[in-house]
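Note: the block below is upload-v4.cif and it holds mmCIF, all heavy atoms.
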data_my_file
#
loop_
_atom_site.label_atom_id
_atom_site.label_comp_id
_atom_site.auth_asym_id
_atom_site.auth_seq_id
_atom_site.Cartn_x
_atom_site.Cartn_y
_atom_site.Cartn_z
N MET A 262 8.48 -19.31 -0.53
CA MET A 262 7.66 -18.26 -1.11
C MET A 262 8.51 -16.99 -1.28
O MET A 262 9.35 -16.69 -0.44
CB MET A 262 6.46 -17.98 -0.22
CG MET A 262 5.40 -19.07 -0.29
SD MET A 262 3.87 -18.61 0.53
CE MET A 262 4.14 -19.39 2.11
N GLU A 263 8.25 -16.30 -2.36
CA GLU A 263 9.05 -15.13 -2.68
C GLU A 263 8.50 -13.87 -2.02
O GLU A 263 7.29 -13.70 -1.87
CB GLU A 263 9.10 -14.95 -4.19
CG GLU A 263 9.78 -16.13 -4.87
CD GLU A 263 9.67 -16.07 -6.37
OE1 GLU A 263 8.67 -15.55 -6.89
OE2 GLU A 263 10.61 -16.54 -7.02
N LYS A 264 9.42 -12.99 -1.66
CA LYS A 264 9.06 -11.70 -1.06
C LYS A 264 8.89 -10.67 -2.16
O LYS A 264 9.50 -10.79 -3.22
CB LYS A 264 10.14 -11.26 -0.08
CG LYS A 264 10.29 -12.19 1.11
CD LYS A 264 11.41 -11.72 2.01
CE LYS A 264 11.63 -12.70 3.15
NZ LYS A 264 12.74 -12.28 4.01
N TYR A 265 8.08 -9.67 -1.88
CA TYR A 265 7.84 -8.58 -2.83
C TYR A 265 8.10 -7.25 -2.12
O TYR A 265 7.73 -7.08 -0.96
CB TYR A 265 6.40 -8.62 -3.35
CG TYR A 265 6.19 -9.71 -4.37
CD1 TYR A 265 6.09 -11.03 -4.00
CD2 TYR A 265 6.11 -9.40 -5.72
CE1 TYR A 265 5.90 -12.03 -4.94
CE2 TYR A 265 5.92 -10.39 -6.68
CZ TYR A 265 5.82 -11.71 -6.27
OH TYR A 265 5.65 -12.69 -7.21
N VAL A 266 8.74 -6.33 -2.84
CA VAL A 266 9.09 -5.04 -2.25
C VAL A 266 8.32 -3.91 -2.93
O VAL A 266 8.16 -3.90 -4.15
CB VAL A 266 10.62 -4.80 -2.31
CG1 VAL A 266 11.12 -4.72 -3.74
CG2 VAL A 266 11.02 -3.57 -1.54
N CYS A 267 7.84 -2.97 -2.11
CA CYS A 267 7.15 -1.79 -2.62
C CYS A 267 8.20 -0.85 -3.21
O CYS A 267 9.15 -0.47 -2.53
CB CYS A 267 6.39 -1.11 -1.49
SG CYS A 267 5.57 0.43 -1.99
N GLU A 268 8.00 -0.49 -4.48
CA GLU A 268 8.96 0.39 -5.14
C GLU A 268 8.84 1.84 -4.67
O GLU A 268 9.72 2.65 -4.94
CB GLU A 268 8.77 0.32 -6.65
CG GLU A 268 9.12 -1.04 -7.21
CD GLU A 268 9.00 -1.09 -8.71
OE1 GLU A 268 7.98 -0.62 -9.24
OE2 GLU A 268 9.95 -1.59 -9.34
N VAL A 269 7.78 2.17 -3.97
CA VAL A 269 7.58 3.54 -3.50
C VAL A 269 8.26 3.76 -2.15
O VAL A 269 9.01 4.72 -1.97
CB VAL A 269 6.08 3.88 -3.42
CG1 VAL A 269 5.86 5.26 -2.84
CG2 VAL A 269 5.45 3.78 -4.80
N CYS A 270 8.02 2.84 -1.18
CA CYS A 270 8.52 3.09 0.18
C CYS A 270 9.49 2.04 0.69
O CYS A 270 10.11 2.22 1.73
CB CYS A 270 7.34 3.22 1.15
SG CYS A 270 6.51 1.65 1.51
N GLY A 271 9.63 0.92 -0.02
CA GLY A 271 10.57 -0.10 0.40
C GLY A 271 10.00 -1.17 1.32
O GLY A 271 10.72 -2.08 1.74
N TYR A 272 8.70 -1.11 1.63
CA TYR A 272 8.07 -2.14 2.45
C TYR A 272 8.22 -3.49 1.76
O TYR A 272 8.06 -3.61 0.55
CB TYR A 272 6.58 -1.83 2.65
CG TYR A 272 5.79 -2.95 3.29
CD1 TYR A 272 5.80 -3.14 4.66
CD2 TYR A 272 5.03 -3.82 2.51
CE1 TYR A 272 5.07 -4.17 5.25
CE2 TYR A 272 4.29 -4.84 3.08
CZ TYR A 272 4.32 -5.02 4.45
OH TYR A 272 3.59 -6.03 5.03
N VAL A 273 8.53 -4.52 2.54
CA VAL A 273 8.68 -5.86 1.99
C VAL A 273 7.53 -6.72 2.47
O VAL A 273 7.33 -6.89 3.68
CB VAL A 273 10.03 -6.49 2.41
CG1 VAL A 273 10.12 -7.93 1.91
CG2 VAL A 273 11.20 -5.66 1.89
N TYR A 274 6.76 -7.25 1.51
CA TYR A 274 5.71 -8.21 1.85
C TYR A 274 6.34 -9.58 1.90
O TYR A 274 6.86 -10.09 0.90
CB TYR A 274 4.56 -8.20 0.83
CG TYR A 274 3.54 -9.27 1.17
CD1 TYR A 274 2.65 -9.07 2.20
CD2 TYR A 274 3.53 -10.49 0.51
CE1 TYR A 274 1.74 -10.05 2.57
CE2 TYR A 274 2.63 -11.47 0.86
CZ TYR A 274 1.75 -11.26 1.89
OH TYR A 274 0.86 -12.23 2.26
N ASP A 275 6.30 -10.20 3.08
CA ASP A 275 6.84 -11.53 3.29
C ASP A 275 5.67 -12.49 3.50
O ASP A 275 4.96 -12.38 4.51
CB ASP A 275 7.74 -11.52 4.51
CG ASP A 275 8.42 -12.85 4.79
OD1 ASP A 275 8.04 -13.87 4.17
OD2 ASP A 275 9.32 -12.88 5.64
N PRO A 276 5.45 -13.42 2.57
CA PRO A 276 4.32 -14.33 2.69
C PRO A 276 4.34 -15.15 3.98
O PRO A 276 3.29 -15.53 4.49
CB PRO A 276 4.45 -15.25 1.48
CG PRO A 276 5.31 -14.52 0.53
CD PRO A 276 6.20 -13.64 1.34
N ALA A 277 5.52 -15.42 4.52
CA ALA A 277 5.61 -16.18 5.76
C ALA A 277 4.99 -15.43 6.93
O ALA A 277 4.50 -16.02 7.88
CB ALA A 277 7.07 -16.52 6.06
N VAL A 278 5.00 -14.11 6.84
CA VAL A 278 4.46 -13.25 7.90
C VAL A 278 3.04 -12.81 7.56
O VAL A 278 2.19 -12.66 8.44
CB VAL A 278 5.37 -12.02 8.11
CG1 VAL A 278 4.78 -11.08 9.15
CG2 VAL A 278 6.77 -12.46 8.50
N GLY A 279 2.77 -12.57 6.28
CA GLY A 279 1.47 -12.04 5.87
C GLY A 279 1.37 -10.56 6.23
O GLY A 279 2.38 -9.87 6.35
N ASP A 280 0.17 -10.10 6.44
CA ASP A 280 -0.10 -8.71 6.86
C ASP A 280 -1.24 -8.77 7.87
O ASP A 280 -2.37 -8.35 7.58
CB ASP A 280 -0.44 -7.85 5.65
CG ASP A 280 -0.67 -6.38 5.99
OD1 ASP A 280 -0.34 -5.96 7.13
OD2 ASP A 280 -1.19 -5.66 5.13
N PRO A 281 -0.96 -9.31 9.06
CA PRO A 281 -2.03 -9.54 10.04
C PRO A 281 -2.78 -8.28 10.45
O PRO A 281 -3.97 -8.35 10.76
CB PRO A 281 -1.32 -10.18 11.23
CG PRO A 281 0.13 -10.04 10.99
CD PRO A 281 0.34 -9.74 9.54
N ASP A 282 -2.14 -7.13 10.42
CA ASP A 282 -2.82 -5.89 10.78
C ASP A 282 -3.93 -5.54 9.80
O ASP A 282 -4.83 -4.77 10.12
CB ASP A 282 -1.83 -4.72 10.86
CG ASP A 282 -0.86 -4.85 12.03
OD1 ASP A 282 -1.16 -5.61 12.97
OD2 ASP A 282 0.20 -4.21 11.98
N ASN A 283 -3.84 -6.11 8.58
CA ASN A 283 -4.83 -5.84 7.54
C ASN A 283 -5.59 -7.10 7.12
O ASN A 283 -6.13 -7.18 6.02
CB ASN A 283 -4.16 -5.17 6.34
CG ASN A 283 -3.68 -3.78 6.70
OD1 ASN A 283 -4.48 -2.92 7.03
ND2 ASN A 283 -2.38 -3.57 6.65
N GLY A 284 -5.61 -8.11 8.00
CA GLY A 284 -6.41 -9.31 7.77
C GLY A 284 -5.83 -10.33 6.82
O GLY A 284 -6.55 -11.19 6.33
N VAL A 285 -4.52 -10.26 6.57
CA VAL A 285 -3.87 -11.22 5.68
C VAL A 285 -3.08 -12.21 6.53
O VAL A 285 -2.12 -11.84 7.21
CB VAL A 285 -2.95 -10.53 4.65
CG1 VAL A 285 -2.26 -11.56 3.77
CG2 VAL A 285 -3.73 -9.53 3.82
N ALA A 286 -3.51 -13.47 6.49
CA ALA A 286 -2.90 -14.50 7.32
C ALA A 286 -1.50 -14.87 6.85
O ALA A 286 -1.20 -14.79 5.64
CB ALA A 286 -3.78 -15.75 7.30
N PRO A 287 -0.63 -15.29 7.78
CA PRO A 287 0.67 -15.83 7.39
C PRO A 287 0.49 -16.98 6.42
O PRO A 287 -0.47 -17.75 6.53
CB PRO A 287 1.27 -16.31 8.72
CG PRO A 287 0.60 -15.47 9.76
CD PRO A 287 -0.80 -15.26 9.24
N GLY A 288 1.38 -17.08 5.45
CA GLY A 288 1.30 -18.13 4.45
C GLY A 288 0.56 -17.71 3.18
O GLY A 288 0.45 -18.49 2.25
N THR A 289 0.06 -16.46 3.15
CA THR A 289 -0.67 -15.97 1.98
C THR A 289 0.32 -15.49 0.92
O THR A 289 1.10 -14.57 1.16
CB THR A 289 -1.61 -14.81 2.36
OG1 THR A 289 -2.51 -15.25 3.38
CG2 THR A 289 -2.40 -14.33 1.16
N LYS A 290 0.29 -16.13 -0.25
CA LYS A 290 1.17 -15.73 -1.35
C LYS A 290 0.77 -14.33 -1.83
O LYS A 290 -0.39 -13.95 -1.76
CB LYS A 290 1.05 -16.69 -2.53
CG LYS A 290 1.52 -18.08 -2.24
CD LYS A 290 1.31 -18.94 -3.46
CE LYS A 290 1.68 -20.38 -3.19
NZ LYS A 290 1.40 -21.22 -4.37
N PHE A 291 1.74 -13.61 -2.37
CA PHE A 291 1.47 -12.28 -2.90
C PHE A 291 0.37 -12.32 -3.95
O PHE A 291 -0.52 -11.49 -3.97
CB PHE A 291 2.75 -11.66 -3.48
CG PHE A 291 2.57 -10.24 -3.94
CD1 PHE A 291 2.60 -9.19 -3.02
CD2 PHE A 291 2.35 -9.93 -5.27
CE1 PHE A 291 2.43 -7.88 -3.44
CE2 PHE A 291 2.18 -8.63 -5.69
CZ PHE A 291 2.22 -7.60 -4.77
N GLU A 292 0.42 -13.33 -4.80
CA GLU A 292 -0.56 -13.46 -5.88
C GLU A 292 -1.98 -13.67 -5.33
O GLU A 292 -2.97 -13.41 -6.03
CB GLU A 292 -0.19 -14.63 -6.80
CG GLU A 292 1.11 -14.44 -7.54
CD GLU A 292 2.35 -14.80 -6.71
OE1 GLU A 292 2.22 -15.36 -5.59
OE2 GLU A 292 3.46 -14.49 -7.16
N ASP A 293 -2.08 -14.18 -4.11
CA ASP A 293 -3.38 -14.47 -3.51
C ASP A 293 -3.92 -13.33 -2.64
O ASP A 293 -5.00 -13.46 -2.06
CB ASP A 293 -3.29 -15.75 -2.66
CG ASP A 293 -3.00 -16.97 -3.52
OD1 ASP A 293 -3.32 -16.95 -4.73
OD2 ASP A 293 -2.45 -17.95 -2.99
N LEU A 294 -3.18 -12.22 -2.56
CA LEU A 294 -3.68 -11.07 -1.81
C LEU A 294 -4.94 -10.53 -2.48
O LEU A 294 -5.05 -10.59 -3.71
CB LEU A 294 -2.61 -9.96 -1.75
CG LEU A 294 -1.40 -10.24 -0.88
CD1 LEU A 294 -0.34 -9.16 -1.11
CD2 LEU A 294 -1.79 -10.29 0.59
N PRO A 295 -5.87 -9.98 -1.71
CA PRO A 295 -7.07 -9.40 -2.33
C PRO A 295 -6.69 -8.31 -3.33
O PRO A 295 -5.68 -7.63 -3.18
CB PRO A 295 -7.82 -8.79 -1.14
CG PRO A 295 -7.26 -9.44 0.07
CD PRO A 295 -5.86 -9.84 -0.26
N ALA A 296 -7.50 -8.14 -4.35
CA ALA A 296 -7.24 -7.15 -5.41
C ALA A 296 -7.15 -5.74 -4.84
O ALA A 296 -6.42 -4.91 -5.37
CB ALA A 296 -8.31 -7.23 -6.48
N ASN A 297 -7.84 -5.48 -3.75
CA ASN A 297 -7.86 -4.13 -3.17
C ASN A 297 -6.82 -3.96 -2.05
O ASN A 297 -6.81 -2.94 -1.38
CB ASN A 297 -9.26 -3.79 -2.65
CG ASN A 297 -9.70 -4.69 -1.52
OD1 ASN A 297 -9.10 -5.75 -1.26
ND2 ASN A 297 -10.74 -4.30 -0.83
N TRP A 298 -5.93 -4.95 -1.88
CA TRP A 298 -4.88 -4.83 -0.86
C TRP A 298 -3.94 -3.69 -1.21
O TRP A 298 -3.60 -3.50 -2.38
CB TRP A 298 -4.11 -6.15 -0.73
CG TRP A 298 -3.06 -6.13 0.33
CD1 TRP A 298 -3.21 -6.36 1.66
CD2 TRP A 298 -1.65 -5.88 0.15
NE1 TRP A 298 -2.02 -6.26 2.32
CE2 TRP A 298 -1.04 -5.96 1.42
CE3 TRP A 298 -0.86 -5.58 -0.95
CZ2 TRP A 298 0.32 -5.77 1.60
CZ3 TRP A 298 0.49 -5.38 -0.76
CH2 TRP A 298 1.08 -5.48 0.50
N GLU A 299 -3.53 -2.93 -0.21
CA GLU A 299 -2.60 -1.80 -0.42
C GLU A 299 -1.41 -1.95 0.50
O GLU A 299 -1.49 -2.61 1.55
CB GLU A 299 -3.30 -0.48 -0.08
CG GLU A 299 -4.49 -0.18 -0.95
CD GLU A 299 -5.19 1.10 -0.52
OE1 GLU A 299 -5.07 1.50 0.66
OE2 GLU A 299 -5.86 1.70 -1.37
N CYS A 300 -0.31 -1.32 0.12
CA CYS A 300 0.88 -1.29 0.96
C CYS A 300 0.48 -0.71 2.32
O CYS A 300 -0.11 0.37 2.38
CB CYS A 300 1.96 -0.43 0.31
SG CYS A 300 3.44 -0.26 1.34
N PRO A 301 0.80 -1.40 3.41
CA PRO A 301 0.42 -0.90 4.72
C PRO A 301 1.16 0.37 5.15
O PRO A 301 0.72 1.06 6.07
CB PRO A 301 0.72 -2.06 5.67
CG PRO A 301 1.61 -2.97 4.93
CD PRO A 301 1.40 -2.72 3.47
N LEU A 302 2.24 0.70 4.48
CA LEU A 302 2.99 1.91 4.85
C LEU A 302 2.63 3.13 4.01
O LEU A 302 2.51 4.23 4.54
CB LEU A 302 4.50 1.65 4.75
CG LEU A 302 5.08 0.59 5.67
CD1 LEU A 302 6.59 0.52 5.51
CD2 LEU A 302 4.71 0.86 7.12
N CYS A 303 2.46 2.93 2.69
CA CYS A 303 2.24 4.11 1.85
C CYS A 303 0.95 4.06 1.02
O CYS A 303 0.67 4.96 0.25
CB CYS A 303 3.45 4.35 0.95
SG CYS A 303 3.66 3.12 -0.35
N SER A 304 0.19 2.98 1.17
CA SER A 304 -1.14 2.84 0.56
C SER A 304 -1.19 2.76 -0.97
O SER A 304 -2.24 2.99 -1.56
CB SER A 304 -2.07 3.96 1.04
OG SER A 304 -2.19 3.92 2.44
N VAL A 305 -0.08 2.40 -1.61
CA VAL A 305 -0.14 2.19 -3.06
C VAL A 305 -0.66 0.77 -3.33
O VAL A 305 -0.63 -0.09 -2.45
CB VAL A 305 1.23 2.40 -3.75
CG1 VAL A 305 1.69 3.84 -3.58
CG2 VAL A 305 2.27 1.43 -3.24
N ASP A 306 -1.13 0.52 -4.55
CA ASP A 306 -1.69 -0.80 -4.85
C ASP A 306 -0.60 -1.81 -5.22
O ASP A 306 0.58 -1.48 -5.31
CB ASP A 306 -2.76 -0.70 -5.92
CG ASP A 306 -2.24 -0.22 -7.26
OD1 ASP A 306 -1.10 -0.58 -7.63
OD2 ASP A 306 -2.97 0.49 -7.96
N LYS A 307 -1.05 -3.05 -5.44
CA LYS A 307 -0.13 -4.15 -5.69
C LYS A 307 0.75 -3.97 -6.93
O LYS A 307 1.82 -4.56 -7.02
CB LYS A 307 -0.92 -5.46 -5.86
CG LYS A 307 -1.54 -5.95 -4.58
CD LYS A 307 -2.50 -7.12 -4.79
CE LYS A 307 -1.94 -8.26 -5.55
NZ LYS A 307 -2.88 -9.40 -5.64
N SER A 308 0.30 -3.14 -7.88
CA SER A 308 1.08 -2.95 -9.11
C SER A 308 2.41 -2.26 -8.86
O SER A 308 3.29 -2.27 -9.72
CB SER A 308 0.27 -2.17 -10.14
OG SER A 308 0.09 -0.83 -9.72
N ASN A 309 2.57 -1.67 -7.68
CA ASN A 309 3.81 -0.98 -7.34
C ASN A 309 4.81 -1.88 -6.61
O ASN A 309 5.82 -1.41 -6.11
CB ASN A 309 3.51 0.24 -6.47
CG ASN A 309 2.81 1.33 -7.25
OD1 ASN A 309 3.43 2.01 -8.04
ND2 ASN A 309 1.51 1.46 -7.07
N PHE A 310 4.53 -3.18 -6.58
CA PHE A 310 5.42 -4.14 -5.92
C PHE A 310 6.16 -4.95 -6.96
O PHE A 310 5.61 -5.28 -8.01
CB PHE A 310 4.62 -5.08 -5.01
CG PHE A 310 4.27 -4.49 -3.69
CD1 PHE A 310 3.28 -3.53 -3.58
CD2 PHE A 310 4.92 -4.90 -2.53
CE1 PHE A 310 2.94 -2.98 -2.35
CE2 PHE A 310 4.59 -4.36 -1.31
CZ PHE A 310 3.60 -3.41 -1.21
N ARG A 311 7.40 -5.28 -6.67
CA ARG A 311 8.22 -6.12 -7.55
C ARG A 311 8.82 -7.25 -6.74
O ARG A 311 9.15 -7.08 -5.56
CB ARG A 311 9.36 -5.31 -8.19
CG ARG A 311 8.87 -4.19 -9.09
CD ARG A 311 8.22 -4.74 -10.37
NE ARG A 311 7.62 -3.66 -11.15
CZ ARG A 311 6.31 -3.49 -11.31
NH1 ARG A 311 5.46 -4.29 -10.75
NH2 ARG A 311 5.86 -2.50 -12.03
N LYS A 312 9.00 -8.39 -7.42
CA LYS A 312 9.61 -9.55 -6.77
C LYS A 312 11.01 -9.18 -6.30
O LYS A 312 11.78 -8.55 -7.02
CB LYS A 312 9.69 -10.70 -7.77
CG LYS A 312 9.86 -12.04 -7.16
CD LYS A 312 9.90 -13.13 -8.21
CE LYS A 312 8.61 -13.19 -8.99
NZ LYS A 312 8.60 -14.33 -9.94
N GLN A 313 11.33 -9.57 -5.09
CA GLN A 313 12.64 -9.21 -4.51
C GLN A 313 13.70 -10.20 -4.93
O GLN A 313 13.46 -11.35 -5.14
CB GLN A 313 12.53 -9.16 -2.99
CG GLN A 313 13.69 -8.51 -2.33
CD GLN A 313 13.49 -8.36 -0.84
OE1 GLN A 313 12.94 -9.23 -0.20
NE2 GLN A 313 13.90 -7.24 -0.29
#

As structure tokens, what does this structure read like?
Amino acid sequence: MEKYVCEVCGYVYDPAVGDPDNGVAPGTKFEDLPANWECPLCSVDKSNFRKQ
């Protein structure tokens, strides 16, 4: 699975890890994140992420 990086703060979403602090289980692909998911560090939306 591919990682995605936030262009604003540099946070890397790793599908193998997910985002457990925000209810996203490990193994969740970036494309399968909820539409309202935000970067856990800077709170921007998914449109600010690019494939790493």

field: Residue list (strand (DSSP E), DSSP) for chain A, as number ranges by chain
entry: A: 265-267, 273-274, 310-312

query: Neighbours of Pro287 of chain A within 6 Å (only C-alpha atoms; same-chain residues fewer than 4 positions away dropped), as a PyMOL selection string?
result: chain A and resi 277-279

query: Expanded to explicit residues, what is the PyMOL selection byres ((chain A and resi 298) around 4) for this file, as a list in words?
result: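 For this structure, the PyMOL selection byres ((chain A and resi 298) around 4) captures Asp280, Val285, Leu294, Pro295, Ala296, Asn297, Glu299, Pro301, Lys307 and Phe310 of chain A.
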
message: I'd like to see the residues matched by the PyMOL selection byres ((chain A and resi 289) around 3.5) on this file, and ideally I'd get them as a PyMOL selection string.
response: chain A and resi 274+276+286-288+290

Contact residues around segment 262-272 of chain A with all atoms listed in the file at 3.5 Å, ignoring same-chain residues under 5 positions, as a list of chain:residue names: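 Here the answer would be A:Phe291, A:Glu292, A:Pro301, A:Asn309, A:Phe310, A:Arg311, A:Lys312, A:Gln313.
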
Selected residues, all heavy atoms, written as a short mmCIF file (atom, residue, chain, number, x, y, z; two decimals), in the coordinates of the input, please.
data_model
loop_
_atom_site.label_atom_id
_atom_site.label_comp_id
_atom_site.auth_asym_id
_atom_site.auth_seq_id
_atom_site.Cartn_x
_atom_site.Cartn_y
_atom_site.Cartn_z
N PHE A 291 1.74 -13.61 -2.37
CA PHE A 291 1.47 -12.28 -2.90
C PHE A 291 0.37 -12.32 -3.95
O PHE A 291 -0.52 -11.49 -3.97
CB PHE A 291 2.75 -11.66 -3.48
CG PHE A 291 2.57 -10.24 -3.94
CD1 PHE A 291 2.60 -9.19 -3.02
CD2 PHE A 291 2.35 -9.93 -5.27
CE1 PHE A 291 2.43 -7.88 -3.44
CE2 PHE A 291 2.18 -8.63 -5.69
CZ PHE A 291 2.22 -7.60 -4.77
N GLU A 292 0.42 -13.33 -4.80
CA GLU A 292 -0.56 -13.46 -5.88
C GLU A 292 -1.98 -13.67 -5.33
O GLU A 292 -2.97 -13.41 -6.03
CB GLU A 292 -0.19 -14.63 -6.80
CG GLU A 292 1.11 -14.44 -7.54
CD GLU A 292 2.35 -14.80 -6.71
OE1 GLU A 292 2.22 -15.36 -5.59
OE2 GLU A 292 3.46 -14.49 -7.16
N PRO A 301 0.80 -1.40 3.41
CA PRO A 301 0.42 -0.90 4.72
C PRO A 301 1.16 0.37 5.15
O PRO A 301 0.72 1.06 6.07
CB PRO A 301 0.72 -2.06 5.67
CG PRO A 301 1.61 -2.97 4.93
CD PRO A 301 1.40 -2.72 3.47
N ASN A 309 2.57 -1.67 -7.68
CA ASN A 309 3.81 -0.98 -7.34
C ASN A 309 4.81 -1.88 -6.61
O ASN A 309 5.82 -1.41 -6.11
CB ASN A 309 3.51 0.24 -6.47
CG ASN A 309 2.81 1.33 -7.25
OD1 ASN A 309 3.43 2.01 -8.04
ND2 ASN A 309 1.51 1.46 -7.07
N PHE A 310 4.53 -3.18 -6.58
CA PHE A 310 5.42 -4.14 -5.92
C PHE A 310 6.16 -4.95 -6.96
O PHE A 310 5.61 -5.28 -8.01
CB PHE A 310 4.62 -5.08 -5.01
CG PHE A 310 4.27 -4.49 -3.69
CD1 PHE A 310 3.28 -3.53 -3.58
CD2 PHE A 310 4.92 -4.90 -2.53
CE1 PHE A 310 2.94 -2.98 -2.35
CE2 PHE A 310 4.59 -4.36 -1.31
CZ PHE A 310 3.60 -3.41 -1.21
N ARG A 311 7.40 -5.28 -6.67
CA ARG A 311 8.22 -6.12 -7.55
C ARG A 311 8.82 -7.25 -6.74
O ARG A 311 9.15 -7.08 -5.56
CB ARG A 311 9.36 -5.31 -8.19
CG ARG A 311 8.87 -4.19 -9.09
CD ARG A 311 8.22 -4.74 -10.37
NE ARG A 311 7.62 -3.66 -11.15
CZ ARG A 311 6.31 -3.49 -11.31
NH1 ARG A 311 5.46 -4.29 -10.75
NH2 ARG A 311 5.86 -2.50 -12.03
N LYS A 312 9.00 -8.39 -7.42
CA LYS A 312 9.61 -9.55 -6.77
C LYS A 312 11.01 -9.18 -6.30
O LYS A 312 11.78 -8.55 -7.02
CB LYS A 312 9.69 -10.70 -7.77
CG LYS A 312 9.86 -12.04 -7.16
CD LYS A 312 9.90 -13.13 -8.21
CE LYS A 312 8.61 -13.19 -8.99
NZ LYS A 312 8.60 -14.33 -9.94
N GLN A 313 11.33 -9.57 -5.09
CA GLN A 313 12.64 -9.21 -4.51
C GLN A 313 13.70 -10.20 -4.93
O GLN A 313 13.46 -11.35 -5.14
CB GLN A 313 12.53 -9.16 -2.99
CG GLN A 313 13.69 -8.51 -2.33
CD GLN A 313 13.49 -8.36 -0.84
OE1 GLN A 313 12.94 -9.23 -0.20
NE2 GLN A 313 13.90 -7.24 -0.29
#

- prompt: Can you tell me how far atom OD2 of Asp306 of chain A sits from atom CG of Asp282 of chain A, in Å to one decimal?
  reply: 20.8 Å

query: Where does DSSP see helix (DSSP H, G or I) in chain A, if you list the residues as a list in words?
result: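 So, restricting chain A to helix (DSSP H, G or I), we get Pro281, Asp282, Asn283, Phe291, Glu292, Asp293, Lys307, Ser308 and Asn309 of chain A.
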
task: For atom OG of Ser304 of chain A and atom OD1 of Asp275 of chain A, quote the distance in Å rounded to one decimal.
output: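 Computing the Euclidean distance for atom OG of Ser304 of chain A and atom OD1 of Asp275 of chain A yields 20.6 Å.
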
Gap from atom CA of Leu302 of chain A to atom N of Val273 of chain A - Å, one decimal: 8.8 Å

Only C-alpha atoms, please: segment 293-309 of chain A from the block, as a CSV table (one decimal), in the first residue's frame.
chain,number,residue,atom,x,y,z
A,293,ASP,CA,-10.9,4.4,1.8
A,294,LEU,CA,-10.5,7.1,4.5
A,295,PRO,CA,-13.7,8.9,5.4
A,296,ALA,CA,-14.5,12.0,3.3
A,297,ASN,CA,-14.2,14.1,6.4
A,298,TRP,CA,-10.9,12.7,7.6
A,299,GLU,CA,-8.3,15.5,8.3
A,300,CYS,CA,-4.5,15.5,8.8
A,301,PRO,CA,-4.0,14.7,12.5
A,302,LEU,CA,-1.3,17.3,12.7
A,303,CYS,CA,-2.5,20.4,10.8
A,304,SER,CA,-6.2,19.6,10.2
A,305,VAL,CA,-6.2,20.1,6.4
A,306,ASP,CA,-8.4,17.8,4.3
A,307,LYS,CA,-7.4,14.9,2.1
A,308,SER,CA,-7.0,17.1,-1.0
A,309,ASN,CA,-3.8,18.4,0.5
